[in-house]
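Text of query_36.txt (compact mmCIF, N, CA and C atoms) as supplied:
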# COMPACT_ATOMS: atom_id res chain seq x y z
N MET A 230 0.86 -1.17 0.00
CA MET A 230 0.00 0.00 0.00
C MET A 230 0.91 1.23 0.00
N LEU A 231 0.52 2.22 -0.77
CA LEU A 231 1.24 3.48 -0.85
C LEU A 231 0.30 4.58 -0.37
N ILE A 232 0.73 5.32 0.65
CA ILE A 232 -0.08 6.42 1.17
C ILE A 232 0.73 7.71 1.10
N TYR A 233 0.05 8.84 1.28
CA TYR A 233 0.79 10.10 1.31
C TYR A 233 0.14 11.07 2.27
N ARG A 234 0.95 12.04 2.67
CA ARG A 234 0.50 13.16 3.48
C ARG A 234 1.02 14.41 2.78
N GLU A 235 0.17 15.42 2.66
CA GLU A 235 0.55 16.65 1.98
C GLU A 235 0.55 17.80 2.98
N ILE A 236 1.51 18.68 2.81
CA ILE A 236 1.62 19.85 3.69
C ILE A 236 2.18 21.00 2.86
N THR A 237 1.87 22.22 3.24
CA THR A 237 2.44 23.38 2.56
C THR A 237 3.30 24.17 3.54
N PHE A 238 4.25 24.89 2.97
CA PHE A 238 5.08 25.80 3.76
C PHE A 238 5.53 26.93 2.85
N ASP A 239 5.87 28.04 3.47
CA ASP A 239 6.30 29.23 2.73
C ASP A 239 7.76 29.51 3.05
N SER A 240 8.54 29.77 2.01
CA SER A 240 9.96 30.06 2.18
C SER A 240 10.41 31.05 1.12
N ALA A 241 11.48 31.77 1.45
CA ALA A 241 12.14 32.65 0.49
C ALA A 241 13.47 32.02 0.11
N HIS A 242 13.95 32.36 -1.07
CA HIS A 242 15.26 31.90 -1.49
C HIS A 242 15.72 32.71 -2.68
N PHE A 243 16.98 32.50 -3.02
CA PHE A 243 17.53 33.02 -4.27
C PHE A 243 18.49 31.95 -4.77
N LEU A 244 18.74 31.96 -6.06
CA LEU A 244 19.61 30.96 -6.67
C LEU A 244 20.92 31.62 -7.09
N PRO A 245 21.97 31.45 -6.28
CA PRO A 245 23.22 32.16 -6.55
C PRO A 245 23.99 31.64 -7.76
N ASN A 246 23.66 30.45 -8.25
CA ASN A 246 24.44 29.86 -9.34
C ASN A 246 23.85 30.08 -10.73
N VAL A 247 22.72 30.79 -10.81
CA VAL A 247 22.16 31.08 -12.13
C VAL A 247 22.85 32.32 -12.70
N PRO A 248 22.78 32.51 -14.01
CA PRO A 248 23.48 33.65 -14.62
C PRO A 248 22.95 35.00 -14.13
N GLU A 249 23.83 36.00 -14.16
CA GLU A 249 23.41 37.37 -13.88
C GLU A 249 22.24 37.71 -14.78
N GLY A 250 21.26 38.42 -14.24
CA GLY A 250 20.09 38.81 -15.02
C GLY A 250 18.94 37.82 -14.93
N HIS A 251 19.19 36.61 -14.45
CA HIS A 251 18.11 35.63 -14.28
C HIS A 251 17.26 36.07 -13.09
N LYS A 252 15.94 36.06 -13.25
CA LYS A 252 15.07 36.58 -12.19
C LYS A 252 15.18 35.80 -10.88
N CYS A 253 15.57 34.53 -10.95
CA CYS A 253 15.67 33.73 -9.73
C CYS A 253 16.95 33.99 -8.94
N ARG A 254 17.83 34.81 -9.50
CA ARG A 254 19.04 35.18 -8.77
C ARG A 254 18.70 36.14 -7.62
N HIS A 255 17.55 36.78 -7.72
CA HIS A 255 17.10 37.72 -6.68
C HIS A 255 16.20 37.01 -5.68
N MET A 256 16.19 37.51 -4.46
CA MET A 256 15.35 36.95 -3.41
C MET A 256 13.88 36.96 -3.84
N HIS A 257 13.22 35.83 -3.65
CA HIS A 257 11.78 35.71 -3.94
C HIS A 257 11.25 34.55 -3.10
N GLY A 258 9.96 34.38 -3.09
CA GLY A 258 9.37 33.36 -2.24
C GLY A 258 8.39 32.46 -2.97
N HIS A 259 8.09 31.34 -2.33
CA HIS A 259 7.13 30.37 -2.85
C HIS A 259 6.30 29.80 -1.71
N THR A 260 5.11 29.39 -2.05
CA THR A 260 4.34 28.51 -1.17
C THR A 260 4.55 27.11 -1.73
N TYR A 261 5.38 26.35 -1.04
CA TYR A 261 5.70 25.00 -1.49
C TYR A 261 4.61 24.03 -1.05
N ARG A 262 4.36 23.03 -1.88
CA ARG A 262 3.46 21.94 -1.53
C ARG A 262 4.28 20.66 -1.53
N LEU A 263 4.34 20.01 -0.39
CA LEU A 263 5.13 18.79 -0.23
C LEU A 263 4.21 17.61 -0.01
N LYS A 264 4.38 16.57 -0.82
CA LYS A 264 3.70 15.29 -0.62
C LYS A 264 4.76 14.27 -0.24
N VAL A 265 4.51 13.59 0.87
CA VAL A 265 5.43 12.57 1.36
C VAL A 265 4.73 11.23 1.25
N PHE A 266 5.35 10.29 0.54
CA PHE A 266 4.76 8.98 0.28
C PHE A 266 5.44 7.92 1.13
N ILE A 267 4.63 7.09 1.78
CA ILE A 267 5.10 5.98 2.59
C ILE A 267 4.54 4.69 1.99
N GLU A 268 5.39 3.67 1.90
CA GLU A 268 4.93 2.38 1.39
C GLU A 268 5.11 1.33 2.48
N GLY A 269 4.12 0.48 2.62
CA GLY A 269 4.22 -0.60 3.58
C GLY A 269 2.96 -1.43 3.63
N PRO A 270 2.99 -2.47 4.43
CA PRO A 270 1.81 -3.32 4.57
C PRO A 270 0.79 -2.67 5.51
N LEU A 271 -0.44 -3.10 5.39
CA LEU A 271 -1.47 -2.64 6.32
C LEU A 271 -1.23 -3.28 7.68
N THR A 272 -1.38 -2.49 8.72
CA THR A 272 -1.25 -2.99 10.09
C THR A 272 -2.59 -3.54 10.55
N LYS A 273 -2.62 -4.04 11.76
CA LYS A 273 -3.88 -4.55 12.31
C LYS A 273 -4.92 -3.44 12.46
N GLU A 274 -4.46 -2.19 12.54
CA GLU A 274 -5.39 -1.06 12.61
C GLU A 274 -6.02 -0.76 11.25
N GLY A 275 -5.43 -1.31 10.19
CA GLY A 275 -5.97 -1.08 8.85
C GLY A 275 -5.31 0.07 8.12
N TRP A 276 -4.14 0.50 8.58
CA TRP A 276 -3.41 1.56 7.90
C TRP A 276 -1.94 1.20 7.78
N VAL A 277 -1.21 1.96 7.00
CA VAL A 277 0.23 1.78 6.88
C VAL A 277 0.91 2.47 8.05
N ILE A 278 0.50 3.70 8.31
CA ILE A 278 0.95 4.51 9.44
C ILE A 278 -0.18 5.47 9.75
N ASP A 279 -0.34 5.80 10.98
CA ASP A 279 -1.35 6.79 11.38
C ASP A 279 -0.94 8.13 10.76
N PHE A 280 -1.86 8.77 10.03
CA PHE A 280 -1.55 10.07 9.42
C PHE A 280 -1.13 11.09 10.46
N LYS A 281 -1.66 11.00 11.66
CA LYS A 281 -1.27 11.90 12.76
C LYS A 281 0.21 11.70 13.10
N ASP A 282 0.64 10.45 13.19
CA ASP A 282 2.05 10.17 13.49
C ASP A 282 2.95 10.64 12.35
N MET A 283 2.45 10.50 11.15
CA MET A 283 3.21 10.95 9.99
C MET A 283 3.42 12.46 10.05
N LYS A 284 2.36 13.19 10.35
CA LYS A 284 2.46 14.65 10.45
C LYS A 284 3.39 15.05 11.59
N GLU A 285 3.29 14.37 12.71
CA GLU A 285 4.15 14.70 13.86
C GLU A 285 5.62 14.48 13.53
N ALA A 286 5.94 13.48 12.71
CA ALA A 286 7.32 13.24 12.30
C ALA A 286 7.79 14.31 11.32
N MET A 287 6.89 14.81 10.49
CA MET A 287 7.24 15.79 9.47
C MET A 287 7.42 17.21 10.02
N MET A 288 6.63 17.56 11.02
CA MET A 288 6.57 18.97 11.44
C MET A 288 7.89 19.56 11.94
N PRO A 289 8.72 18.85 12.71
CA PRO A 289 9.99 19.48 13.09
C PRO A 289 10.87 19.83 11.90
N ILE A 290 10.77 19.07 10.83
CA ILE A 290 11.55 19.34 9.61
C ILE A 290 10.93 20.52 8.86
N ILE A 291 9.63 20.54 8.77
CA ILE A 291 8.94 21.65 8.11
C ILE A 291 9.22 22.96 8.85
N ASP A 292 9.26 22.90 10.17
CA ASP A 292 9.54 24.10 10.97
C ASP A 292 10.90 24.70 10.63
N VAL A 293 11.85 23.89 10.19
CA VAL A 293 13.17 24.39 9.81
C VAL A 293 13.10 25.27 8.58
N VAL A 294 12.18 24.96 7.65
CA VAL A 294 12.12 25.69 6.37
C VAL A 294 10.97 26.69 6.28
N ASP A 295 9.94 26.53 7.10
CA ASP A 295 8.76 27.38 6.99
C ASP A 295 9.05 28.81 7.43
N HIS A 296 8.72 29.75 6.56
CA HIS A 296 8.94 31.18 6.79
C HIS A 296 10.40 31.48 7.09
N LYS A 297 11.28 30.80 6.35
CA LYS A 297 12.72 31.01 6.49
C LYS A 297 13.30 31.33 5.12
N VAL A 298 14.53 31.85 5.14
CA VAL A 298 15.32 32.01 3.91
C VAL A 298 16.09 30.70 3.75
N LEU A 299 15.78 29.95 2.72
CA LEU A 299 16.36 28.62 2.55
C LEU A 299 17.88 28.66 2.44
N ASN A 300 18.42 29.69 1.81
CA ASN A 300 19.87 29.81 1.63
C ASN A 300 20.61 29.84 2.96
N ASP A 301 19.94 30.21 4.05
CA ASP A 301 20.58 30.30 5.36
C ASP A 301 20.64 28.95 6.08
N ILE A 302 20.02 27.92 5.53
CA ILE A 302 19.97 26.61 6.17
C ILE A 302 21.16 25.79 5.67
N PRO A 303 21.97 25.25 6.59
CA PRO A 303 23.12 24.44 6.15
C PRO A 303 22.68 23.31 5.21
N GLY A 304 23.40 23.22 4.09
CA GLY A 304 23.08 22.22 3.08
C GLY A 304 22.15 22.73 2.00
N LEU A 305 21.62 23.94 2.18
CA LEU A 305 20.69 24.51 1.19
C LEU A 305 21.18 25.85 0.65
N GLU A 306 22.46 25.98 0.51
CA GLU A 306 23.01 27.25 0.03
C GLU A 306 22.60 27.57 -1.41
N ASN A 307 22.26 26.55 -2.18
CA ASN A 307 21.76 26.71 -3.55
C ASN A 307 20.42 25.98 -3.65
N PRO A 308 19.37 26.55 -3.06
CA PRO A 308 18.11 25.82 -2.87
C PRO A 308 17.20 25.78 -4.09
N THR A 309 17.63 25.04 -5.11
CA THR A 309 16.72 24.78 -6.22
C THR A 309 15.62 23.85 -5.71
N CYS A 310 14.56 23.74 -6.46
CA CYS A 310 13.48 22.82 -6.08
C CYS A 310 14.02 21.40 -5.97
N GLU A 311 14.87 21.02 -6.90
CA GLU A 311 15.43 19.67 -6.92
C GLU A 311 16.29 19.40 -5.68
N LEU A 312 17.17 20.35 -5.35
CA LEU A 312 18.04 20.16 -4.19
C LEU A 312 17.26 20.24 -2.88
N LEU A 313 16.20 21.03 -2.85
CA LEU A 313 15.35 21.07 -1.66
C LEU A 313 14.63 19.74 -1.49
N ALA A 314 14.18 19.13 -2.58
CA ALA A 314 13.52 17.82 -2.50
C ALA A 314 14.48 16.78 -1.93
N VAL A 315 15.74 16.80 -2.37
CA VAL A 315 16.74 15.86 -1.84
C VAL A 315 16.98 16.13 -0.36
N TRP A 316 17.12 17.40 0.02
CA TRP A 316 17.34 17.76 1.42
C TRP A 316 16.18 17.28 2.29
N LEU A 317 14.95 17.50 1.83
CA LEU A 317 13.77 17.04 2.59
C LEU A 317 13.79 15.52 2.73
N TRP A 318 14.10 14.81 1.65
CA TRP A 318 14.22 13.35 1.72
C TRP A 318 15.22 12.94 2.80
N ASP A 319 16.40 13.58 2.77
CA ASP A 319 17.45 13.23 3.73
C ASP A 319 17.02 13.46 5.17
N GLN A 320 16.21 14.49 5.40
CA GLN A 320 15.72 14.77 6.75
C GLN A 320 14.61 13.81 7.16
N LEU A 321 13.74 13.46 6.21
CA LEU A 321 12.57 12.63 6.51
C LEU A 321 12.90 11.14 6.61
N LYS A 322 13.87 10.67 5.87
CA LYS A 322 14.18 9.24 5.81
C LYS A 322 14.40 8.63 7.20
N PRO A 323 15.15 9.27 8.09
CA PRO A 323 15.38 8.65 9.40
C PRO A 323 14.13 8.60 10.30
N VAL A 324 13.16 9.46 10.05
CA VAL A 324 12.00 9.54 10.96
C VAL A 324 10.74 8.92 10.39
N LEU A 325 10.77 8.53 9.12
CA LEU A 325 9.60 7.93 8.48
C LEU A 325 9.96 6.61 7.81
N PRO A 326 9.89 5.51 8.55
CA PRO A 326 10.15 4.21 7.94
C PRO A 326 9.19 3.97 6.77
N GLY A 327 9.73 3.41 5.73
CA GLY A 327 8.90 3.14 4.55
C GLY A 327 8.82 4.30 3.58
N LEU A 328 9.59 5.37 3.83
CA LEU A 328 9.57 6.52 2.91
C LEU A 328 9.87 6.05 1.50
N LYS A 329 8.96 6.35 0.58
CA LYS A 329 9.08 5.90 -0.81
C LYS A 329 9.52 7.02 -1.74
N LYS A 330 8.90 8.20 -1.57
CA LYS A 330 9.27 9.33 -2.41
C LYS A 330 8.71 10.61 -1.81
N VAL A 331 9.30 11.72 -2.25
CA VAL A 331 8.77 13.04 -1.91
C VAL A 331 8.48 13.76 -3.21
N GLU A 332 7.39 14.48 -3.23
CA GLU A 332 7.02 15.30 -4.36
C GLU A 332 6.91 16.73 -3.86
N LEU A 333 7.71 17.62 -4.43
CA LEU A 333 7.76 19.01 -3.99
C LEU A 333 7.37 19.91 -5.14
N ASN A 334 6.30 20.67 -4.96
CA ASN A 334 5.88 21.65 -5.96
C ASN A 334 6.28 23.04 -5.49
N GLU A 335 7.03 23.71 -6.35
CA GLU A 335 7.46 25.08 -6.09
C GLU A 335 6.37 26.06 -6.50
N THR A 336 5.65 25.70 -7.56
CA THR A 336 4.51 26.46 -8.04
C THR A 336 3.42 25.44 -8.38
N PRO A 337 2.23 25.90 -8.69
CA PRO A 337 1.18 24.93 -9.07
C PRO A 337 1.53 24.12 -10.31
N THR A 338 2.48 24.60 -11.14
CA THR A 338 2.77 23.92 -12.40
C THR A 338 4.19 23.37 -12.51
N SER A 339 4.98 23.44 -11.44
CA SER A 339 6.35 22.94 -11.52
C SER A 339 6.81 22.35 -10.20
N GLY A 340 7.63 21.32 -10.30
CA GLY A 340 8.10 20.68 -9.08
C GLY A 340 9.10 19.58 -9.38
N ALA A 341 9.43 18.83 -8.33
CA ALA A 341 10.39 17.74 -8.43
C ALA A 341 9.88 16.55 -7.62
N ILE A 342 10.19 15.36 -8.10
CA ILE A 342 9.88 14.13 -7.40
C ILE A 342 11.21 13.42 -7.15
N TYR A 343 11.43 13.04 -5.89
CA TYR A 343 12.69 12.36 -5.55
C TYR A 343 12.36 11.06 -4.83
N GLU A 344 13.00 9.98 -5.29
CA GLU A 344 12.76 8.66 -4.73
C GLU A 344 13.98 8.10 -4.03
N GLY A 345 14.89 8.96 -3.63
CA GLY A 345 16.06 8.50 -2.89
C GLY A 345 17.06 7.79 -3.78
N VAL A 346 18.14 7.36 -3.12
CA VAL A 346 19.19 6.63 -3.85
C VAL A 346 19.48 5.33 -3.17

Mind turning this structure into structure tokens?
Amino acid sequence: MLIYREITFDSAHFLPNVPEGHKCRHMHGHTYRLKVFIEGPLTKEGWVIDFKDMKEAMMPIIDVVDHKVLNDIPGLENPTCELLAVWLWDQLKPVLPGLKKVELNETPTSGAIYEGV
């Protein structure tokens, strides 16, 4: 069974490695939408994991990025959507057994999906 929990957070960032004149080189913000997918067997309760427990595991990590400048967070000095998805995976993997993938939308029409390595 594959389940997911979705959450949103707001962050500012800039991309220091893009060419001069690129609009993303300047500070700007996004309302990110994060979907976290867990895979596993159904338990005797009839779920893979309690969605409440899933949210409780996610929130300390979300608190690190919510209403923050992503570039100020160690490991996110160049916070592209892709690198942020990898960073989120790395933070979530130890606290969410069965983590299958993360889907991060930077805008309603663009995002990244990361399934770990």

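Point (7.1, 18.0, 1.1) has the following residues at most 8 Å away: A:Arg234, A:Glu235, A:Ile236, A:Thr237, A:Phe238, A:Tyr261, A:Arg262, A:Leu263, A:Lys264, A:Val265, A:Phe266, A:Ala314, A:Leu317, A:Trp318, A:Val331, A:Glu332, A:Leu333, A:Asn334 (atoms considered: all atoms listed in the file).
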
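In terms of minimum interatomic distance to Pro270 (chain A), A:Leu231 ranks closest within A:Leu231, A:His251, A:Leu321, A:Trp316, counting only N, CA and C atoms.
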
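By chain and then residue number, the residues within 7 Å of Ala241 (chain A) are Asp239, Phe243, Met256, His257, Gly258, His259, His296, Lys297, Val298, Leu299 and Asn300 of chain A, counting all atoms listed in the file and disregarding those fewer than 2 positions away in sequence.
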
All residues 9 Å or closer to Gly269 (chain A), only C-alpha atoms, same chain fewer than 2 positions away omitted, as a ChimeraX atom specification: /A:230-232,267,271-272,277-278,326-328

Could you write out that same residue set with N, CA and C atoms as a compact mmCIF listing (two decimals), keeping the file's coordinate frame?
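Output below, filename part02.txt:
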# COMPACT_ATOMS: atom_id res chain seq x y z
N MET A 230 0.86 -1.17 0.00
CA MET A 230 0.00 0.00 0.00
C MET A 230 0.91 1.23 0.00
N LEU A 231 0.52 2.22 -0.77
CA LEU A 231 1.24 3.48 -0.85
C LEU A 231 0.30 4.58 -0.37
N ILE A 232 0.73 5.32 0.65
CA ILE A 232 -0.08 6.42 1.17
C ILE A 232 0.73 7.71 1.10
N ILE A 267 4.63 7.09 1.78
CA ILE A 267 5.10 5.98 2.59
C ILE A 267 4.54 4.69 1.99
N LEU A 271 -0.44 -3.10 5.39
CA LEU A 271 -1.47 -2.64 6.32
C LEU A 271 -1.23 -3.28 7.68
N THR A 272 -1.38 -2.49 8.72
CA THR A 272 -1.25 -2.99 10.09
C THR A 272 -2.59 -3.54 10.55
N VAL A 277 -1.21 1.96 7.00
CA VAL A 277 0.23 1.78 6.88
C VAL A 277 0.91 2.47 8.05
N ILE A 278 0.50 3.70 8.31
CA ILE A 278 0.95 4.51 9.44
C ILE A 278 -0.18 5.47 9.75
N PRO A 326 9.89 5.51 8.55
CA PRO A 326 10.15 4.21 7.94
C PRO A 326 9.19 3.97 6.77
N GLY A 327 9.73 3.41 5.73
CA GLY A 327 8.90 3.14 4.55
C GLY A 327 8.82 4.30 3.58
N LEU A 328 9.59 5.37 3.83
CA LEU A 328 9.57 6.52 2.91
C LEU A 328 9.87 6.05 1.50

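Each of A:Met287, A:Glu344, A:Asp292, A:Lys273 was compared to Val324 (chain A) using only N, CA and C atoms, and A:Met287 turns out to be the nearest.
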
d(atom N of Asp295 (chain A), CA of Thr338 (chain A)) in Å: 20.9 Å

Please extract the residues of chain A with a backbone DSSP assignment of helix (DSSP H, G or I) and present them as a JSON list (two decimals) with N, CA and C atoms, in the frame of the given file.
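So states_3.json came out as:
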[["chain", "number", "residue", "atom", "x", "y", "z"],
["A", 252, "LYS", "N", 15.94, 36.06, -13.25],
["A", 252, "LYS", "CA", 15.07, 36.58, -12.19],
["A", 252, "LYS", "C", 15.18, 35.80, -10.88],
["A", 253, "CYS", "N", 15.57, 34.53, -10.95],
["A", 253, "CYS", "CA", 15.67, 33.73, -9.73],
["A", 253, "CYS", "C", 16.95, 33.99, -8.94],
["A", 254, "ARG", "N", 17.83, 34.81, -9.50],
["A", 254, "ARG", "CA", 19.04, 35.18, -8.77],
["A", 254, "ARG", "C", 18.70, 36.14, -7.62],
["A", 280, "PHE", "N", -1.86, 8.77, 10.03],
["A", 280, "PHE", "CA", -1.55, 10.07, 9.42],
["A", 280, "PHE", "C", -1.13, 11.09, 10.46],
["A", 281, "LYS", "N", -1.66, 11.00, 11.66],
["A", 281, "LYS", "CA", -1.27, 11.90, 12.76],
["A", 281, "LYS", "C", 0.21, 11.70, 13.10],
["A", 282, "ASP", "N", 0.64, 10.45, 13.19],
["A", 282, "ASP", "CA", 2.05, 10.17, 13.49],
["A", 282, "ASP", "C", 2.95, 10.64, 12.35],
["A", 283, "MET", "N", 2.45, 10.50, 11.15],
["A", 283, "MET", "CA", 3.21, 10.95, 9.99],
["A", 283, "MET", "C", 3.42, 12.46, 10.05],
["A", 284, "LYS", "N", 2.36, 13.19, 10.35],
["A", 284, "LYS", "CA", 2.46, 14.65, 10.45],
["A", 284, "LYS", "C", 3.39, 15.05, 11.59],
["A", 285, "GLU", "N", 3.29, 14.37, 12.71],
["A", 285, "GLU", "CA", 4.15, 14.70, 13.86],
["A", 285, "GLU", "C", 5.62, 14.48, 13.53],
["A", 286, "ALA", "N", 5.94, 13.48, 12.71],
["A", 286, "ALA", "CA", 7.32, 13.24, 12.30],
["A", 286, "ALA", "C", 7.79, 14.31, 11.32],
["A", 287, "MET", "N", 6.89, 14.81, 10.49],
["A", 287, "MET", "CA", 7.24, 15.79, 9.47],
["A", 287, "MET", "C", 7.42, 17.21, 10.02],
["A", 288, "MET", "N", 6.63, 17.56, 11.02],
["A", 288, "MET", "CA", 6.57, 18.97, 11.44],
["A", 288, "MET", "C", 7.89, 19.56, 11.94],
["A", 289, "PRO", "N", 8.72, 18.85, 12.71],
["A", 289, "PRO", "CA", 9.99, 19.48, 13.09],
["A", 289, "PRO", "C", 10.87, 19.83, 11.90],
["A", 290, "ILE", "N", 10.77, 19.07, 10.83],
["A", 290, "ILE", "CA", 11.55, 19.34, 9.61],
["A", 290, "ILE", "C", 10.93, 20.52, 8.86],
["A", 291, "ILE", "N", 9.63, 20.54, 8.77],
["A", 291, "ILE", "CA", 8.94, 21.65, 8.11],
["A", 291, "ILE", "C", 9.22, 22.96, 8.85],
["A", 292, "ASP", "N", 9.26, 22.90, 10.17],
["A", 292, "ASP", "CA", 9.54, 24.10, 10.97],
["A", 292, "ASP", "C", 10.90, 24.70, 10.63],
["A", 293, "VAL", "N", 11.85, 23.89, 10.19],
["A", 293, "VAL", "CA", 13.17, 24.39, 9.81],
["A", 293, "VAL", "C", 13.10, 25.27, 8.58],
["A", 294, "VAL", "N", 12.18, 24.96, 7.65],
["A", 294, "VAL", "CA", 12.12, 25.69, 6.37],
["A", 294, "VAL", "C", 10.97, 26.69, 6.28],
["A", 299, "LEU", "N", 15.78, 29.95, 2.72],
["A", 299, "LEU", "CA", 16.36, 28.62, 2.55],
["A", 299, "LEU", "C", 17.88, 28.66, 2.44],
["A", 300, "ASN", "N", 18.42, 29.69, 1.81],
["A", 300, "ASN", "CA", 19.87, 29.81, 1.63],
["A", 300, "ASN", "C", 20.61, 29.84, 2.96],
["A", 301, "ASP", "N", 19.94, 30.21, 4.05],
["A", 301, "ASP", "CA", 20.58, 30.30, 5.36],
["A", 301, "ASP", "C", 20.64, 28.95, 6.08],
["A", 310, "CYS", "N", 14.56, 23.74, -6.46],
["A", 310, "CYS", "CA", 13.48, 22.82, -6.08],
["A", 310, "CYS", "C", 14.02, 21.40, -5.97],
["A", 311, "GLU", "N", 14.87, 21.02, -6.90],
["A", 311, "GLU", "CA", 15.43, 19.67, -6.92],
["A", 311, "GLU", "C", 16.29, 19.40, -5.68],
["A", 312, "LEU", "N", 17.17, 20.35, -5.35],
["A", 312, "LEU", "CA", 18.04, 20.16, -4.19],
["A", 312, "LEU", "C", 17.26, 20.24, -2.88],
["A", 313, "LEU", "N", 16.20, 21.03, -2.85],
["A", 313, "LEU", "CA", 15.35, 21.07, -1.66],
["A", 313, "LEU", "C", 14.63, 19.74, -1.49],
["A", 314, "ALA", "N", 14.18, 19.13, -2.58],
["A", 314, "ALA", "CA", 13.52, 17.82, -2.50],
["A", 314, "ALA", "C", 14.48, 16.78, -1.93],
["A", 315, "VAL", "N", 15.74, 16.80, -2.37],
["A", 315, "VAL", "CA", 16.74, 15.86, -1.84],
["A", 315, "VAL", "C", 16.98, 16.13, -0.36],
["A", 316, "TRP", "N", 17.12, 17.40, 0.02],
["A", 316, "TRP", "CA", 17.34, 17.76, 1.42],
["A", 316, "TRP", "C", 16.18, 17.28, 2.29],
["A", 317, "LEU", "N", 14.95, 17.50, 1.83],
["A", 317, "LEU", "CA", 13.77, 17.04, 2.59],
["A", 317, "LEU", "C", 13.79, 15.52, 2.73],
["A", 318, "TRP", "N", 14.10, 14.81, 1.65],
["A", 318, "TRP", "CA", 14.22, 13.35, 1.72],
["A", 318, "TRP", "C", 15.22, 12.94, 2.80],
["A", 319, "ASP", "N", 16.40, 13.58, 2.77],
["A", 319, "ASP", "CA", 17.45, 13.23, 3.73],
["A", 319, "ASP", "C", 17.02, 13.46, 5.17],
["A", 320, "GLN", "N", 16.21, 14.49, 5.40],
["A", 320, "GLN", "CA", 15.72, 14.77, 6.75],
["A", 320, "GLN", "C", 14.61, 13.81, 7.16],
["A", 321, "LEU", "N", 13.74, 13.46, 6.21],
["A", 321, "LEU", "CA", 12.57, 12.63, 6.51],
["A", 321, "LEU", "C", 12.90, 11.14, 6.61]]

Point-to-point distance from atom C of Pro337 (chain A) to atom C of Leu325 (chain A), Å rounded to tenths: 26.6 Å

Near-Glu311 (chain A) list (9 Å; only C-alpha atoms; drop same-chain fewer than 2 positions) as a PyMOL selection string: chain A and resi 308-309+313-316+333+340-343

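A straight line drawn from CA of Pro323 (chain A) to CA of Met283 (chain A) is 12.4 Å long.
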
Sphere at (26.9, 29.6, -3.5), radius 6 Å, counting all atoms listed in the file: residues as a PyMOL selection string: chain A and resi 245-246+306-307

Sel. of strand (DSSP E or B) residues, region 252-308 of chain A, as JSON, numbers by chain: {"A": [257, 258, 259, 260, 261, 262, 263, 264, 265, 266, 267, 268, 297, 298]}

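Nearest to Pro289 (chain A) of all the residues A:Val346, A:Lys252, A:Gln320, A:Lys329 is A:Gln320, based on only C-alpha atoms.
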